[in-house]
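The structure appears below as structure tokens.
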Amino acid sequence: MDRWKVWLAGGLRFARQKQDNRYSHCDVLIQLPHVPWSNRMEDGGSATYRKVKKMKANMWFRNAIQNAIWRRRPARGLKARQVRFEPLETRALLSASPAGGLDEPGTDPAVTVLAASPEGAPSSSWVDSLAPQQTQVRDGLHDLLSRGGTIDELEDFQPVPMPEAFLDELYETYGIGTVWSSLSWTTLAGLAGPETLISRGDTLVVAFPADSPAALEYDAGEYADNGLPDYFELTRSGDNLVLSIKEDTAPFDGQDLVTRATITLPIADVSQLKIKGSTDQDLFVISDLGDFAGLVSVEGIETDALVDSVQIYDTAGDDVWIAAEDYGVFQMQNAYTVTATDVAAMHGYASAGGDDQAYLYGNAKTNKVKTFDNETNLVRLYLGGFYHRAKFFGSVEIDGLGGVDRAILYGTPSDDLFTATKDEGSFTSPHGGGIDYSYTGFERVTARGGSGRDRAELSDSELADVIRLRPSKAWMSERGTSTPAYAITLRGFESIHATALTDDGKVDIIKMHDSDAAPDPPVTNDLLTATMEDDHVRAKFYSNPADPLAPAAADQIYESLGFELTKGYSAAGSDKHATSGVDASLLAWDGVWEET
């Protein structure tokens, strides 16, 4: 599905370039952050891996959107770098033999190689000139593709710049379609550079030039700019596109619409269609265009007093929805694309089926996001007096960008998993078709579990962190300041796991409570165990186990690893701890605890 994001990249570029009617390529490559190969917690002999945020497309889209359409502010939080390769005079190609193996490398002097040999001199084979890290990437991807794997299996994979000959090698060995579907646009862009992919004829990219003279254009005509809200509805009837232009009447509630025009357009005659709004309040609705393969562009006119909105519905394919400030794009798989500019409220709906993905972006102000609101597969990103929406999508990524942003994340009726660090997090569940919400750039986060058995996994930051765990409420934040850089609050989770393995020289503290606050804490006889693992403390807290000497896994409500100070709080009951062999300076106690 990631190849459809390539199409979107073209749309983002052209949207910005329409101001001067020229074509250019995005030439910035994002250096993705390093994620360790192994990052797991051992639990009773079975490995439970912390969810590592998949960077696949988010960083690339974030950069593309900012470079393409954000005209009023500098980029925030990006670590982009210009990539330059020194050319050599020769490049070697490897080709697939009939037996399925690789032939001996040969020389192709007509093409440029994009990597210099260690000696700085031309090499007879690009393979010989690879650095150790490049060799590791080449071997690893060949292993992945040869067994039919996908890049999703390597959550911590880091693309490194590779010779263009490596791209040829992959294409010729496994086929272009297989390489794209297995590795994705983002991985290939990280290996060869976006400009290399865009300039090649075999790249799976389709892009429409902006402001084509062939584009059909429609607006409210004589009913524009008269103070009455305008409604534009585009749908399909047989082999025709049907555009209805309507106008609202008092009391302007969207109920009593008057049709001002109905335009019927044979699909065979349409490649690009532009719908323009007015200084009135505009609503654009686009749905059910079938296999129409053209471009529909919506252009609003925002005013200080009125907010325009667009509603776009998906197809049965694997579609992608992106909503940013004053710009949105909905790419339908194997079909049409809808773009929207200068429209404040962007609403995308994925009700027709398929494996659909959405990307929502905030702005430099203070934003708020709500997910799975009112037990509905719905994400709203509020940007002041309006919001972007992604409804019924299986995967949604939200980026708060600037400001001190707030996220309110609701669980589902099923068993959910919430993971969080200072900078990012995710909420996943098999309920509702397998939702997967992930966020980044939100400084104040509240996550609420649903009616299932929900689990939370927290990881520390480079700051001095504190985590306080209670049966009904938990939170993590920067400690020692009245204005922490971040704060994460959890409610309604049956089990919480926390790690503090960041090598930052800071003292991280975790506080485990046997009950909620006074005046009437419940009386339970709890158990806190602690052991040493590689100079780190692993602690487990069991709530009221039937047998303190052999607690059941179902009794465990907290687990921690790596904190410089682990503290147990006993408010009521005969609480016990088992800490033999643990450095006493790493533990602290409040209330009455007995050693088992």
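Letters A, B, ... mark the chains of the structure tokens in the order given; residue numbers begin at 1 per chain; ligand numbers begin at 1, in order shown.
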
Residues at most 7 Å from segment 563-579 of chain A, counting only C-alpha atoms, excluding those fewer than 6 positions away in the same chain, as a compact mmCIF listing (two decimals) with all heavy atoms, in the first residue's frame?
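Wrote it out as result_39.txt, contents follow:
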```
# COMPACT_ATOMS: atom_id res chain seq x y z
N ALA A 500 12.96 2.07 32.40
CA ALA A 500 13.79 3.27 32.50
C ALA A 500 15.22 2.88 32.20
O ALA A 500 16.09 2.86 33.08
CB ALA A 500 13.68 3.89 33.89
N VAL A 507 18.28 10.36 37.61
CA VAL A 507 17.65 9.47 38.57
C VAL A 507 16.16 9.39 38.25
O VAL A 507 15.43 10.36 38.43
CB VAL A 507 17.86 9.96 40.02
CG1 VAL A 507 17.10 9.07 41.00
CG2 VAL A 507 19.34 9.98 40.37
N ASP A 508 15.74 8.24 37.76
CA ASP A 508 14.33 7.99 37.47
C ASP A 508 13.71 7.24 38.65
O ASP A 508 14.32 6.31 39.19
CB ASP A 508 14.18 7.18 36.19
CG ASP A 508 14.73 7.91 34.98
OD1 ASP A 508 14.47 9.12 34.87
OD2 ASP A 508 15.42 7.28 34.16
N ILE A 509 12.51 7.62 39.02
CA ILE A 509 11.85 7.06 40.21
C ILE A 509 10.50 6.49 39.81
O ILE A 509 9.74 7.11 39.05
CB ILE A 509 11.65 8.15 41.28
CG1 ILE A 509 13.00 8.76 41.69
CG2 ILE A 509 10.93 7.59 42.51
CD1 ILE A 509 12.87 9.94 42.64
N ILE A 510 10.19 5.31 40.34
CA ILE A 510 8.86 4.74 40.17
C ILE A 510 8.27 4.47 41.54
O ILE A 510 8.96 4.00 42.45
CB ILE A 510 8.89 3.45 39.32
CG1 ILE A 510 7.47 3.02 38.98
CG2 ILE A 510 9.68 2.33 39.99
CD1 ILE A 510 7.37 2.01 37.86
N LYS A 511 6.98 4.81 41.69
CA LYS A 511 6.29 4.69 42.97
C LYS A 511 5.07 3.79 42.77
O LYS A 511 4.18 4.11 41.99
CB LYS A 511 5.87 6.07 43.47
CG LYS A 511 7.05 7.03 43.63
CD LYS A 511 6.59 8.41 44.06
CE LYS A 511 7.78 9.36 44.21
NZ LYS A 511 7.37 10.71 44.67
N MET A 512 5.04 2.68 43.50
CA MET A 512 3.98 1.70 43.36
C MET A 512 3.09 1.73 44.60
O MET A 512 3.55 1.49 45.71
CB MET A 512 4.57 0.30 43.16
CG MET A 512 5.44 0.15 41.93
SD MET A 512 6.04 -1.54 41.73
CE MET A 512 6.89 -1.44 40.15
N HIS A 513 1.80 2.00 44.40
CA HIS A 513 0.85 2.11 45.50
C HIS A 513 -0.04 0.88 45.57
O HIS A 513 -0.49 0.35 44.54
CB HIS A 513 -0.03 3.34 45.32
CG HIS A 513 0.68 4.64 45.53
ND1 HIS A 513 0.56 5.39 46.67
CD2 HIS A 513 1.56 5.31 44.73
CE1 HIS A 513 1.29 6.48 46.58
NE2 HIS A 513 1.92 6.46 45.40
N ASP A 514 -0.36 0.46 46.80
CA ASP A 514 -1.23 -0.69 46.97
C ASP A 514 -2.70 -0.33 46.83
O ASP A 514 -3.54 -1.20 46.64
CB ASP A 514 -0.99 -1.36 48.32
CG ASP A 514 -1.42 -0.47 49.49
OD1 ASP A 514 -1.42 0.77 49.32
OD2 ASP A 514 -1.74 -1.00 50.56
N SER A 515 -3.04 0.97 46.90
CA SER A 515 -4.43 1.39 46.82
C SER A 515 -4.48 2.84 46.41
O SER A 515 -3.45 3.50 46.28
CB SER A 515 -5.14 1.20 48.16
OG SER A 515 -4.55 2.07 49.14
N PRO A 521 -8.89 3.75 51.97
CA PRO A 521 -8.27 2.83 51.02
C PRO A 521 -8.75 1.41 51.27
O PRO A 521 -8.99 1.01 52.41
CB PRO A 521 -6.78 2.97 51.32
CG PRO A 521 -6.72 3.40 52.75
CD PRO A 521 -7.93 4.27 52.96
N PRO A 522 -8.88 0.60 50.21
CA PRO A 522 -9.30 -0.80 50.42
C PRO A 522 -8.19 -1.59 51.11
O PRO A 522 -7.00 -1.32 50.93
CB PRO A 522 -9.54 -1.30 49.00
CG PRO A 522 -8.68 -0.42 48.14
CD PRO A 522 -8.69 0.92 48.79
N VAL A 523 -8.60 -2.54 51.92
CA VAL A 523 -7.63 -3.37 52.64
C VAL A 523 -7.29 -4.57 51.78
O VAL A 523 -8.12 -5.45 51.55
CB VAL A 523 -8.21 -3.81 54.00
CG1 VAL A 523 -7.22 -4.72 54.71
CG2 VAL A 523 -8.53 -2.60 54.85
N THR A 524 -6.08 -4.61 51.26
CA THR A 524 -5.59 -5.74 50.47
C THR A 524 -4.21 -6.12 50.98
O THR A 524 -3.44 -5.27 51.44
CB THR A 524 -5.50 -5.38 48.98
OG1 THR A 524 -4.67 -4.22 48.82
CG2 THR A 524 -6.87 -5.10 48.39
N ASN A 525 -3.92 -7.40 50.89
CA ASN A 525 -2.61 -7.90 51.29
C ASN A 525 -1.78 -8.11 50.03
O ASN A 525 -1.96 -9.10 49.32
CB ASN A 525 -2.77 -9.20 52.08
CG ASN A 525 -3.62 -9.03 53.33
OD1 ASN A 525 -3.50 -8.01 54.03
ND2 ASN A 525 -4.48 -10.00 53.62
N ASP A 526 -0.91 -7.17 49.75
CA ASP A 526 -0.21 -7.12 48.47
C ASP A 526 1.24 -7.60 48.60
O ASP A 526 1.78 -7.72 49.70
CB ASP A 526 -0.25 -5.69 47.94
CG ASP A 526 -1.67 -5.15 47.87
OD1 ASP A 526 -2.53 -5.83 47.29
OD2 ASP A 526 -1.92 -4.07 48.43
N LEU A 527 1.85 -7.82 47.44
CA LEU A 527 3.23 -8.32 47.39
C LEU A 527 4.02 -7.53 46.36
O LEU A 527 3.55 -7.33 45.24
CB LEU A 527 3.23 -9.81 47.02
CG LEU A 527 4.61 -10.44 46.74
CD1 LEU A 527 5.45 -10.48 48.01
CD2 LEU A 527 4.45 -11.83 46.13
N LEU A 528 5.22 -7.09 46.74
CA LEU A 528 6.14 -6.44 45.81
C LEU A 528 7.43 -7.25 45.81
O LEU A 528 8.08 -7.40 46.86
CB LEU A 528 6.41 -5.00 46.23
CG LEU A 528 7.10 -4.08 45.19
CD1 LEU A 528 6.84 -2.62 45.54
CD2 LEU A 528 8.60 -4.31 45.10
N THR A 529 7.80 -7.77 44.63
CA THR A 529 9.04 -8.53 44.51
C THR A 529 10.05 -7.72 43.70
O THR A 529 9.68 -6.94 42.81
CB THR A 529 8.81 -9.88 43.81
OG1 THR A 529 8.46 -9.64 42.44
CG2 THR A 529 7.70 -10.65 44.49
N ALA A 530 11.31 -7.89 44.02
CA ALA A 530 12.37 -7.19 43.29
C ALA A 530 13.57 -8.11 43.12
O ALA A 530 13.93 -8.84 44.06
CB ALA A 530 12.77 -5.92 44.01
N THR A 531 14.16 -8.09 41.92
CA THR A 531 15.37 -8.85 41.63
C THR A 531 16.33 -7.96 40.87
O THR A 531 15.94 -6.91 40.34
CB THR A 531 15.04 -10.10 40.79
OG1 THR A 531 14.37 -9.69 39.59
CG2 THR A 531 14.15 -11.07 41.57
N VAL A 537 17.14 -2.96 38.59
CA VAL A 537 16.10 -3.55 39.42
C VAL A 537 14.87 -3.86 38.57
O VAL A 537 14.39 -2.99 37.83
CB VAL A 537 15.70 -2.59 40.57
CG1 VAL A 537 14.50 -3.14 41.33
CG2 VAL A 537 16.86 -2.37 41.51
N LEU A 586 18.61 1.04 46.19
CA LEU A 586 17.75 1.18 45.03
C LEU A 586 16.27 1.03 45.37
O LEU A 586 15.42 1.14 44.50
CB LEU A 586 18.13 0.14 43.98
CG LEU A 586 19.58 0.16 43.49
CD1 LEU A 586 19.84 -0.96 42.51
CD2 LEU A 586 19.93 1.51 42.87
N LEU A 587 15.96 0.78 46.65
CA LEU A 587 14.59 0.55 47.10
C LEU A 587 14.24 1.52 48.22
O LEU A 587 15.10 1.98 48.97
CB LEU A 587 14.41 -0.89 47.59
CG LEU A 587 14.75 -2.00 46.59
CD1 LEU A 587 14.71 -3.35 47.28
CD2 LEU A 587 13.77 -1.99 45.42
N ALA A 588 12.96 1.82 48.34
CA ALA A 588 12.47 2.65 49.45
C ALA A 588 11.06 2.20 49.77
O ALA A 588 10.34 1.70 48.91
CB ALA A 588 12.50 4.13 49.08
N TRP A 589 10.64 2.42 51.02
CA TRP A 589 9.36 1.91 51.49
C TRP A 589 8.60 2.99 52.24
O TRP A 589 9.18 3.80 52.96
CB TRP A 589 9.57 0.67 52.39
CG TRP A 589 10.45 -0.35 51.75
CD1 TRP A 589 11.77 -0.55 51.98
CD2 TRP A 589 10.07 -1.27 50.74
NE1 TRP A 589 12.26 -1.56 51.18
CE2 TRP A 589 11.22 -2.02 50.40
CE3 TRP A 589 8.89 -1.55 50.08
CZ2 TRP A 589 11.21 -3.02 49.44
CZ3 TRP A 589 8.87 -2.55 49.13
CH2 TRP A 589 10.03 -3.28 48.81
N ASP A 590 7.29 2.95 52.07
CA ASP A 590 6.41 3.85 52.80
C ASP A 590 5.29 3.02 53.41
O ASP A 590 4.65 2.25 52.70
CB ASP A 590 5.83 4.92 51.87
CG ASP A 590 5.00 5.95 52.61
OD1 ASP A 590 3.81 5.68 52.84
OD2 ASP A 590 5.53 7.02 52.93
N GLY A 591 5.04 3.18 54.72
CA GLY A 591 4.06 2.36 55.39
C GLY A 591 4.70 1.11 55.96
O GLY A 591 5.93 1.03 56.12
N VAL A 592 3.87 0.13 56.26
CA VAL A 592 4.35 -1.10 56.91
C VAL A 592 4.46 -2.21 55.88
O VAL A 592 3.47 -2.60 55.26
CB VAL A 592 3.39 -1.52 58.04
CG1 VAL A 592 3.88 -2.82 58.68
CG2 VAL A 592 3.28 -0.42 59.08
N TRP A 593 5.69 -2.70 55.70
CA TRP A 593 5.97 -3.82 54.80
C TRP A 593 6.70 -4.92 55.59
O TRP A 593 7.56 -4.63 56.42
CB TRP A 593 6.85 -3.39 53.63
CG TRP A 593 6.17 -2.46 52.66
CD1 TRP A 593 6.05 -1.12 52.77
CD2 TRP A 593 5.52 -2.84 51.46
NE1 TRP A 593 5.37 -0.61 51.70
CE2 TRP A 593 5.03 -1.65 50.86
CE3 TRP A 593 5.29 -4.04 50.80
CZ2 TRP A 593 4.32 -1.65 49.66
CZ3 TRP A 593 4.60 -4.04 49.60
CH2 TRP A 593 4.12 -2.85 49.05
N GLU A 594 6.36 -6.16 55.26
CA GLU A 594 7.01 -7.29 55.88
C GLU A 594 7.81 -8.05 54.84
O GLU A 594 7.34 -8.25 53.72
CB GLU A 594 5.99 -8.23 56.52
CG GLU A 594 5.13 -7.59 57.60
CD GLU A 594 4.08 -8.55 58.11
OE1 GLU A 594 4.09 -9.73 57.69
OE2 GLU A 594 3.24 -8.13 58.93
N GLU A 595 9.00 -8.50 55.21
CA GLU A 595 9.81 -9.31 54.30
C GLU A 595 9.30 -10.74 54.32
O GLU A 595 9.07 -11.31 55.38
CB GLU A 595 11.28 -9.26 54.71
CG GLU A 595 12.20 -10.13 53.86
CD GLU A 595 12.38 -9.57 52.44
OE1 GLU A 595 12.14 -8.36 52.22
OE2 GLU A 595 12.76 -10.35 51.55
N THR A 596 9.09 -11.31 53.12
CA THR A 596 8.61 -12.70 53.07
C THR A 596 9.76 -13.66 53.33
O THR A 596 10.94 -13.33 53.11
CB THR A 596 8.01 -13.00 51.69
OG1 THR A 596 9.01 -12.80 50.68
CG2 THR A 596 6.83 -12.10 51.44
```

Q) Which parts of segment 104-347 of chain A does DSSP call strand (DSSP E) when run on the backbone here, written out as a PyMOL selection string? A) chain A and resi 106-108+216-218+230-237+240-248+257-266+272-276+282-286+295-299+309-313+320-324+327-331+337-341+345-347

List as a list of chain:residue names the protein and nucleic acid residues near Gly452 of chain A, meaning an atom at most 12 Å away when only C-alpha atoms are counted, but skip any in the same chain fewer than 3 places from it.
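These residues fall inside the cut-off: A:Gly411, A:Thr412, A:Pro413, A:Ser414, A:Asp415, A:Asp416, A:Leu417, A:Ser429, A:Pro430, A:His431, A:Arg448, A:Gly449, A:Arg455, A:Gly492, A:Phe493, A:Glu494, A:Ser495.
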
Within 9 Å of Met532 of chain A, counting only C-alpha atoms, which residues show up once you throw out same-chain ones fewer than 5 positions away? Write them as a PDB file with all heavy atoms, in the first residue's frame, please.
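And here's selection_32.pdb as it stands now:
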```
ATOM      1  N   VAL A 537      17.139  -2.961  38.589  1.00  0.00           N
ATOM      2  CA  VAL A 537      16.096  -3.549  39.424  1.00  0.00           C
ATOM      3  C   VAL A 537      14.870  -3.860  38.567  1.00  0.00           C
ATOM      4  O   VAL A 537      14.386  -2.990  37.834  1.00  0.00           O
ATOM      5  CB  VAL A 537      15.696  -2.592  40.567  1.00  0.00           C
ATOM      6  CG1 VAL A 537      14.500  -3.141  41.335  1.00  0.00           C
ATOM      7  CG2 VAL A 537      16.860  -2.372  41.508  1.00  0.00           C
ATOM      8  N   ARG A 538      14.395  -5.093  38.658  1.00  0.00           N
ATOM      9  CA  ARG A 538      13.104  -5.444  38.095  1.00  0.00           C
ATOM     10  C   ARG A 538      12.148  -5.676  39.258  1.00  0.00           C
ATOM     11  O   ARG A 538      12.403  -6.506  40.131  1.00  0.00           O
ATOM     12  CB  ARG A 538      13.167  -6.690  37.225  1.00  0.00           C
ATOM     13  CG  ARG A 538      11.792  -7.064  36.653  1.00  0.00           C
ATOM     14  CD  ARG A 538      11.840  -8.355  35.831  1.00  0.00           C
ATOM     15  NE  ARG A 538      12.628  -8.180  34.638  1.00  0.00           N
ATOM     16  CZ  ARG A 538      12.206  -7.603  33.514  1.00  0.00           C
ATOM     17  NH1 ARG A 538      10.979  -7.118  33.461  1.00  0.00           N
ATOM     18  NH2 ARG A 538      12.992  -7.517  32.465  1.00  0.00           N
ATOM     19  N   ALA A 539      11.060  -4.929  39.268  1.00  0.00           N
ATOM     20  CA  ALA A 539      10.083  -5.037  40.343  1.00  0.00           C
ATOM     21  C   ALA A 539       8.734  -5.441  39.779  1.00  0.00           C
ATOM     22  O   ALA A 539       8.338  -4.988  38.697  1.00  0.00           O
ATOM     23  CB  ALA A 539       9.964  -3.713  41.096  1.00  0.00           C
ATOM     24  N   GLY A 581      18.764  -9.945  47.960  1.00  0.00           N
ATOM     25  CA  GLY A 581      19.799  -9.802  46.951  1.00  0.00           C
ATOM     26  C   GLY A 581      19.785  -8.500  46.198  1.00  0.00           C
ATOM     27  O   GLY A 581      20.649  -8.265  45.346  1.00  0.00           O
ATOM     28  N   VAL A 582      18.853  -7.621  46.490  1.00  0.00           N
ATOM     29  CA  VAL A 582      18.759  -6.335  45.802  1.00  0.00           C
ATOM     30  C   VAL A 582      19.457  -5.262  46.629  1.00  0.00           C
ATOM     31  O   VAL A 582      19.306  -5.201  47.858  1.00  0.00           O
ATOM     32  CB  VAL A 582      17.285  -5.945  45.575  1.00  0.00           C
ATOM     33  CG1 VAL A 582      17.192  -4.580  44.914  1.00  0.00           C
ATOM     34  CG2 VAL A 582      16.602  -6.995  44.719  1.00  0.00           C
ATOM     35  N   ASP A 583      20.220  -4.419  45.963  1.00  0.00           N
ATOM     36  CA  ASP A 583      20.901  -3.309  46.625  1.00  0.00           C
ATOM     37  C   ASP A 583      19.861  -2.445  47.337  1.00  0.00           C
ATOM     38  O   ASP A 583      18.954  -1.891  46.701  1.00  0.00           O
ATOM     39  CB  ASP A 583      21.661  -2.491  45.587  1.00  0.00           C
ATOM     40  CG  ASP A 583      22.528  -1.398  46.216  1.00  0.00           C
ATOM     41  OD1 ASP A 583      22.308  -1.044  47.388  1.00  0.00           O
ATOM     42  OD2 ASP A 583      23.416  -0.883  45.514  1.00  0.00           O
TER      43      ASP A 583
END
```

Non-local contacts of Ala447 of chain A (10 Å; only C-alpha atoms; under 2 positions in same chain excluded) as a PyMOL selection string
chain A and resi 370-371+407-411+418-420+426-427+445+449-450+456+474-475+488-493

Quiz item: What separation in Å, quoted to one decimal, exists between atom CA of Ala324 of chain A and atom CA of Leu360 of chain A?
Solution: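 The value is 6.2 Å.
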
Open item on the list: Can you tell me which residues surround segment 339-349 of chain A at a distance of at most 8 Å, considering only C-alpha atoms, apart from same-chain residues fewer than 3 positions away, and format the answer as an MDAnalysis selection string?
Closed with: chainID A and resid 11 295:302 307:314 321 323 325:330 386:393

Atom CA of Asp156 of chain A to atom CA of Arg200 of chain A, straight-line distance in Å:
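Answer for the atom CA of Arg200 of chain A to atom CA of Asp156 of chain A separation: 27.9 Å.
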
One number please: atom CA of Asp219 of chain A to atom CA of Lys246 of chain A, in Å, one decimal.
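These two atoms are separated by 10.7 Å.
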
- Selection near Ile245 of chain A, 12 Å with only C-alpha atoms, sequence-local residues under 2 positions removed, as a PyMOL selection string: chain A and resi 218-224+229-235+242-243+247-248+257-264+275-277+282-285
